[in-house]
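Okay, my_file_7.pdb is below, PDB, C-alpha atoms, pLDDT in the B column:
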```pdb
ATOM      1  CA  MET B   1     106.790  94.208 112.291  1.00 35.00           C
ATOM      2  CA  LEU B   2     104.525  96.455 114.294  1.00 38.00           C
ATOM      3  CA  SER B   3     103.219  99.470 112.442  1.00 38.00           C
ATOM      4  CA  LEU B   4     101.232 102.549 113.275  1.00 39.00           C
ATOM      5  CA  SER B   5      99.324 104.625 110.758  1.00 42.00           C
ATOM      6  CA  SER B   6     100.136 108.329 110.540  1.00 44.00           C
ATOM      7  CA  GLN B   7      96.432 109.097 110.823  1.00 44.00           C
ATOM      8  CA  TRP B   8      96.619 108.571 114.587  1.00 42.00           C
ATOM      9  CA  LYS B   9      97.588 112.027 115.743  1.00 50.00           C
ATOM     10  CA  SER B  10      94.825 112.780 118.227  1.00 50.00           C
ATOM     11  CA  LEU B  11      96.090 113.596 121.710  1.00 65.00           C
ATOM     12  CA  SER B  12      93.298 111.894 123.547  1.00 66.00           C
ATOM     13  CA  GLY B  13      91.114 108.921 123.052  1.00 73.00           C
ATOM     14  CA  PRO B  14      91.556 105.420 121.706  1.00 83.00           C
ATOM     15  CA  LYS B  15      93.958 106.250 118.852  1.00 84.00           C
ATOM     16  CA  PHE B  16      96.526 107.976 121.055  1.00 86.00           C
ATOM     17  CA  ASP B  17      96.069 105.264 123.681  1.00 88.00           C
ATOM     18  CA  TYR B  18      96.736 102.699 120.951  1.00 90.00           C
ATOM     19  CA  LYS B  19      99.904 104.557 119.941  1.00 89.00           C
ATOM     20  CA  LEU B  20     101.168 104.488 123.532  1.00 89.00           C
ATOM     21  CA  SER B  21     100.273 100.806 123.753  1.00 92.00           C
ATOM     22  CA  TRP B  22     102.141 100.125 120.492  1.00 92.00           C
ATOM     23  CA  ILE B  23     105.209 101.907 121.878  1.00 91.00           C
ATOM     24  CA  LYS B  24     104.989  99.807 125.050  1.00 92.00           C
ATOM     25  CA  ARG B  25     104.886  96.594 122.964  1.00 95.00           C
ATOM     26  CA  LEU B  26     107.788  97.815 120.835  1.00 94.00           C
ATOM     27  CA  LYS B  27     109.878  98.534 123.934  1.00 94.00           C
ATOM     28  CA  LYS B  28     109.087  95.077 125.325  1.00 95.00           C
ATOM     29  CA  ARG B  29     110.144  93.397 122.084  1.00 96.00           C
ATOM     30  CA  THR B  30     113.318  95.468 121.763  1.00 95.00           C
ATOM     31  CA  ASP B  31     114.245  94.561 125.348  1.00 95.00           C
ATOM     32  CA  GLU B  32     113.819  90.879 124.452  1.00 96.00           C
ATOM     33  CA  LEU B  33     116.057  91.283 121.405  1.00 95.00           C
ATOM     34  CA  ILE B  34     118.785  92.977 123.445  1.00 94.00           C
ATOM     35  CA  LYS B  35     118.694  90.163 126.019  1.00 95.00           C
ATOM     36  CA  MET B  36     119.176  87.597 123.229  1.00 95.00           C
ATOM     37  CA  GLU B  37     122.467  89.306 122.346  1.00 93.00           C
ATOM     38  CA  LEU B  38     121.772  88.868 118.641  1.00 90.00           C
ATOM     39  CA  PRO B  39     122.298  91.306 115.805  1.00 95.00           C
ATOM     40  CA  ALA B  40     118.914  92.863 115.079  1.00 96.00           C
ATOM     41  CA  ILE B  41     117.505  95.714 113.028  1.00 97.00           C
ATOM     42  CA  ILE B  42     114.216  97.505 113.664  1.00 96.00           C
ATOM     43  CA  ILE B  43     113.049  99.378 110.562  1.00 97.00           C
ATOM     44  CA  GLY B  44     109.953 101.390 109.857  1.00 96.00           C
ATOM     45  CA  ASP B  45     107.764 104.426 110.051  1.00 96.00           C
ATOM     46  CA  PHE B  46     107.559 104.803 113.823  1.00 95.00           C
ATOM     47  CA  ASN B  47     105.470 107.984 113.634  1.00 94.00           C
ATOM     48  CA  ILE B  48     107.826 109.466 116.195  1.00 96.00           C
ATOM     49  CA  ILE B  49     109.817 112.664 115.725  1.00 98.00           C
ATOM     50  CA  PRO B  50     112.735 112.021 118.108  1.00 97.00           C
ATOM     51  CA  THR B  51     114.189 115.527 118.528  1.00 97.00           C
ATOM     52  CA  ALA B  52     113.718 119.156 117.542  1.00 97.00           C
ATOM     53  CA  MET B  53     116.427 118.646 114.918  1.00 97.00           C
ATOM     54  CA  ASP B  54     114.138 116.110 113.228  1.00 98.00           C
ATOM     55  CA  VAL B  55     111.298 118.503 112.435  1.00 98.00           C
ATOM     56  CA  TYR B  56     110.857 121.755 110.567  1.00 98.00           C
ATOM     57  CA  LYS B  57     109.574 124.326 113.081  1.00 97.00           C
ATOM     58  CA  PRO B  58     109.316 122.042 116.115  1.00 97.00           C
ATOM     59  CA  GLU B  59     107.275 124.584 118.058  1.00 96.00           C
ATOM     60  CA  ARG B  60     104.350 123.820 115.738  1.00 95.00           C
ATOM     61  CA  TRP B  61     104.418 120.131 116.668  1.00 95.00           C
ATOM     62  CA  GLU B  62     104.535 120.252 120.455  1.00 91.00           C
ATOM     63  CA  ASN B  63     100.911 119.178 120.864  1.00 89.00           C
ATOM     64  CA  ASP B  64     100.983 116.622 118.069  1.00 92.00           C
ATOM     65  CA  ALA B  65     101.095 112.909 118.888  1.00 92.00           C
ATOM     66  CA  LEU B  66     104.152 112.550 116.635  1.00 94.00           C
ATOM     67  CA  TYR B  67     106.209 114.849 118.861  1.00 95.00           C
ATOM     68  CA  ARG B  68     104.606 114.586 122.284  1.00 93.00           C
ATOM     69  CA  ILE B  69     107.013 114.250 125.177  1.00 94.00           C
ATOM     70  CA  GLU B  70     105.700 110.734 125.891  1.00 91.00           C
ATOM     71  CA  VAL B  71     106.703 109.407 122.472  1.00 93.00           C
ATOM     72  CA  ARG B  72     110.037 111.250 122.372  1.00 95.00           C
ATOM     73  CA  LYS B  73     110.893 109.865 125.799  1.00 94.00           C
ATOM     74  CA  ALA B  74     109.988 106.353 124.662  1.00 93.00           C
ATOM     75  CA  TYR B  75     112.308 106.736 121.684  1.00 95.00           C
ATOM     76  CA  GLN B  76     115.123 107.979 123.911  1.00 96.00           C
ATOM     77  CA  ASP B  77     114.513 105.024 126.237  1.00 94.00           C
ATOM     78  CA  LEU B  78     115.288 102.725 123.293  1.00 94.00           C
ATOM     79  CA  MET B  79     118.595 104.529 122.789  1.00 95.00           C
ATOM     80  CA  LYS B  80     119.403 104.185 126.497  1.00 95.00           C
ATOM     81  CA  LYS B  81     118.848 100.425 126.203  1.00 94.00           C
ATOM     82  CA  GLY B  82     121.592 100.300 123.569  1.00 94.00           C
ATOM     83  CA  TRP B  83     119.730 100.683 120.291  1.00 97.00           C
ATOM     84  CA  ILE B  84     121.537 102.799 117.711  1.00 97.00           C
ATOM     85  CA  ASP B  85     119.665 105.363 115.609  1.00 98.00           C
ATOM     86  CA  SER B  86     121.674 104.608 112.471  1.00 98.00           C
ATOM     87  CA  LEU B  87     121.126 107.853 110.556  1.00 98.00           C
ATOM     88  CA  ARG B  88     121.584 110.066 113.595  1.00 98.00           C
ATOM     89  CA  ASN B  89     124.730 108.094 114.439  1.00 98.00           C
ATOM     90  CA  LEU B  90     126.137 108.738 110.955  1.00 98.00           C
ATOM     91  CA  TYR B  91     124.992 112.363 110.769  1.00 98.00           C
ATOM     92  CA  PRO B  92     124.761 113.689 114.333  1.00 98.00           C
ATOM     93  CA  ASP B  93     124.552 117.374 113.416  1.00 97.00           C
ATOM     94  CA  GLU B  94     122.619 117.295 110.153  1.00 97.00           C
ATOM     95  CA  VAL B  95     118.973 117.993 109.543  1.00 97.00           C
ATOM     96  CA  ILE B  96     117.439 114.757 108.252  1.00 98.00           C
ATOM     97  CA  TYR B  97     113.861 114.443 107.041  1.00 98.00           C
ATOM     98  CA  THR B  98     112.122 111.367 105.667  1.00 98.00           C
ATOM     99  CA  PHE B  99     108.585 112.727 105.224  1.00 98.00           C
ATOM    100  CA  TRP B 100     107.189 115.865 103.567  1.00 98.00           C
ATOM    101  CA  ASP B 101     103.467 116.588 103.581  1.00 96.00           C
ATOM    102  CA  TYR B 102     101.757 117.227 100.254  1.00 94.00           C
ATOM    103  CA  LEU B 103     100.333 120.505 101.561  1.00 93.00           C
ATOM    104  CA  TYR B 104     101.918 123.948 101.245  1.00 93.00           C
ATOM    105  CA  LYS B 105     104.755 122.700  99.030  1.00 94.00           C
ATOM    106  CA  ALA B 106     106.461 121.196 102.068  1.00 96.00           C
ATOM    107  CA  TYR B 107     108.903 119.224  99.938  1.00 96.00           C
ATOM    108  CA  ASP B 108     109.881 122.259  97.879  1.00 95.00           C
ATOM    109  CA  ARG B 109     110.538 124.215 101.092  1.00 96.00           C
ATOM    110  CA  ASN B 110     112.229 121.249 102.810  1.00 97.00           C
ATOM    111  CA  ALA B 111     109.668 121.568 105.588  1.00 97.00           C
ATOM    112  CA  GLY B 112     109.842 117.936 106.600  1.00 98.00           C
ATOM    113  CA  ILE B 113     109.959 115.592 109.544  1.00 98.00           C
ATOM    114  CA  ARG B 114     111.903 112.436 110.342  1.00 98.00           C
ATOM    115  CA  LEU B 115     109.493 109.595 111.046  1.00 98.00           C
ATOM    116  CA  ASP B 116     111.249 106.647 109.415  1.00 98.00           C
ATOM    117  CA  HIS B 117     113.984 104.995 111.437  1.00 98.00           C
ATOM    118  CA  ILE B 118     116.516 102.194 111.203  1.00 98.00           C
ATOM    119  CA  LEU B 119     117.588 101.105 114.664  1.00 98.00           C
ATOM    120  CA  LEU B 120     120.484  98.717 115.185  1.00 98.00           C
ATOM    121  CA  SER B 121     121.054  96.528 118.198  1.00 97.00           C
ATOM    122  CA  PRO B 122     124.384  97.229 119.896  1.00 95.00           C
ATOM    123  CA  TYR B 123     125.736  94.018 118.360  1.00 94.00           C
ATOM    124  CA  LEU B 124     125.613  95.653 114.907  1.00 96.00           C
ATOM    125  CA  ALA B 125     126.816  99.139 115.804  1.00 93.00           C
ATOM    126  CA  SER B 126     130.416  98.557 114.717  1.00 96.00           C
ATOM    127  CA  ARG B 127     129.239  97.314 111.321  1.00 97.00           C
ATOM    128  CA  LEU B 128     127.389 100.497 110.331  1.00 98.00           C
ATOM    129  CA  LYS B 129     129.204 101.800 107.251  1.00 98.00           C
ATOM    130  CA  SER B 130     126.896 104.308 105.568  1.00 98.00           C
ATOM    131  CA  GLY B 131     123.299 105.318 105.142  1.00 98.00           C
ATOM    132  CA  GLY B 132     121.006 108.023 103.974  1.00 98.00           C
ATOM    133  CA  VAL B 133     117.666 109.198 102.722  1.00 98.00           C
ATOM    134  CA  ASP B 134     116.969 109.156  98.996  1.00 98.00           C
ATOM    135  CA  LYS B 135     115.220 112.497  99.243  1.00 97.00           C
ATOM    136  CA  HIS B 136     115.025 113.012  95.481  1.00 96.00           C
ATOM    137  CA  VAL B 137     112.533 110.128  95.213  1.00 96.00           C
ATOM    138  CA  ARG B 138     109.998 112.209  97.159  1.00 96.00           C
ATOM    139  CA  GLY B 139     110.146 114.748  94.315  1.00 93.00           C
ATOM    140  CA  TRP B 140     109.041 112.243  91.683  1.00 95.00           C
ATOM    141  CA  GLU B 141     105.567 112.568  90.218  1.00 93.00           C
ATOM    142  CA  LYS B 142     102.958 110.633  92.246  1.00 93.00           C
ATOM    143  CA  SER B 143     105.541 109.655  94.854  1.00 94.00           C
ATOM    144  CA  SER B 144     104.918 108.697  98.441  1.00 96.00           C
ATOM    145  CA  ASP B 145     105.108 111.430 101.056  1.00 97.00           C
ATOM    146  CA  HIS B 146     107.970 109.370 102.563  1.00 97.00           C
ATOM    147  CA  ALA B 147     111.425 109.021 101.018  1.00 98.00           C
ATOM    148  CA  PRO B 148     113.382 105.746 101.112  1.00 98.00           C
ATOM    149  CA  VAL B 149     115.768 105.368 104.042  1.00 98.00           C
ATOM    150  CA  TRP B 150     118.710 102.982 103.800  1.00 98.00           C
ATOM    151  CA  ILE B 151     121.887 101.818 105.506  1.00 98.00           C
ATOM    152  CA  GLU B 152     124.895  99.727 104.534  1.00 98.00           C
ATOM    153  CA  LEU B 153     126.531  97.331 106.979  1.00 98.00           C
ATOM    154  CA  LEU B 154     130.021  95.866 106.805  1.00 97.00           C
ATOM    155  CA  LYS B 155     130.234  92.077 106.516  1.00 92.00           C
TER
END
```
Could you express the structure from this file as C-alpha cells?
Amino acid sequence: MLSLSSQWKSLSGPKFDYKLSWIKRLKKRTDELIKMELPAIIIGDFNIIPTAMDVYKPERWENDALYRIEVRKAYQDLMKKGWIDSLRNLYPDEVIYTFWDYLYKAYDRNAGIRLDHILLSPYLASRLKSGGVDKHVRGWEKSSDHAPVWIELLK
C-alpha cells in the first residue's frame, strides 16, 4: 500500500513533487489492476479532497495540495478508468467527511474534509452493499483526527 503523510501540503518543492509522483505511481498500479480483470480494493488516506462537496468551505482549500486541481484531476482520472468511489457511489448527494482537524473545534462544527477513500475495481461494483464513516469515533477522547471508513460487500 502506498501512503502519503498529511504533512506534505506545500505547493512547491520536493514534498509536492513527491505527492505528484506518488499519484503517478498509484495511477500506474491501478491501471495494472484493471487490466488483470480481478476484483480489487484500494483503501487509504489518499490526502486528496476529490470535490467541493468533500470539504467544508472549499474556497479556503484551493491553494492547498490536498485540493489542488492536479490532485483532483488525478482522482477523477481513476474514476474514468472504472474505479468506483464506494462512499460517493452509495451517497452521491451527501456531505461526507472522514477527517476533522483538532484546531478551532472542527469536529464540533462538522468542518471536515474527506481524505480517506475505498475504491473498488469495476469487477466489485455490483457487490457493494453498504458503507459509511463511523464519525462518532472521532469524538472519543484522544481519538485520531480521522474516523474509520468501512464498506460491506455481498458474497
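What separates atom CA of Arg138 of chain B from atom CA of Trp150 of chain B is a distance of 14.3 Å.
Nearest residue to His136 of chain B among B:Val149, B:Ile48, B:Met53, B:Ile113 is B:Val149, counting only C-alpha atoms.
Here atom CA of Phe16 of chain B stands at a distance of 17.0 Å from atom CA of Pro50 of chain B.
Closest approach to Asp77 of chain B among B:Leu128, B:Ile151, B:Leu26, B:Ile41: B:Leu26, based on only C-alpha atoms.
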Go ahead and find all residues with at least one atom no further than 12 Å from (113.7, 119.5, 119.3) in the file's coordinates, using all atoms listed in the file; report them as JSON, numbers by chain. {"B": [49, 50, 51, 52, 53, 54, 55, 56, 57, 58, 59, 60, 61, 62, 67, 68, 69, 72, 73, 95, 113, 114]}
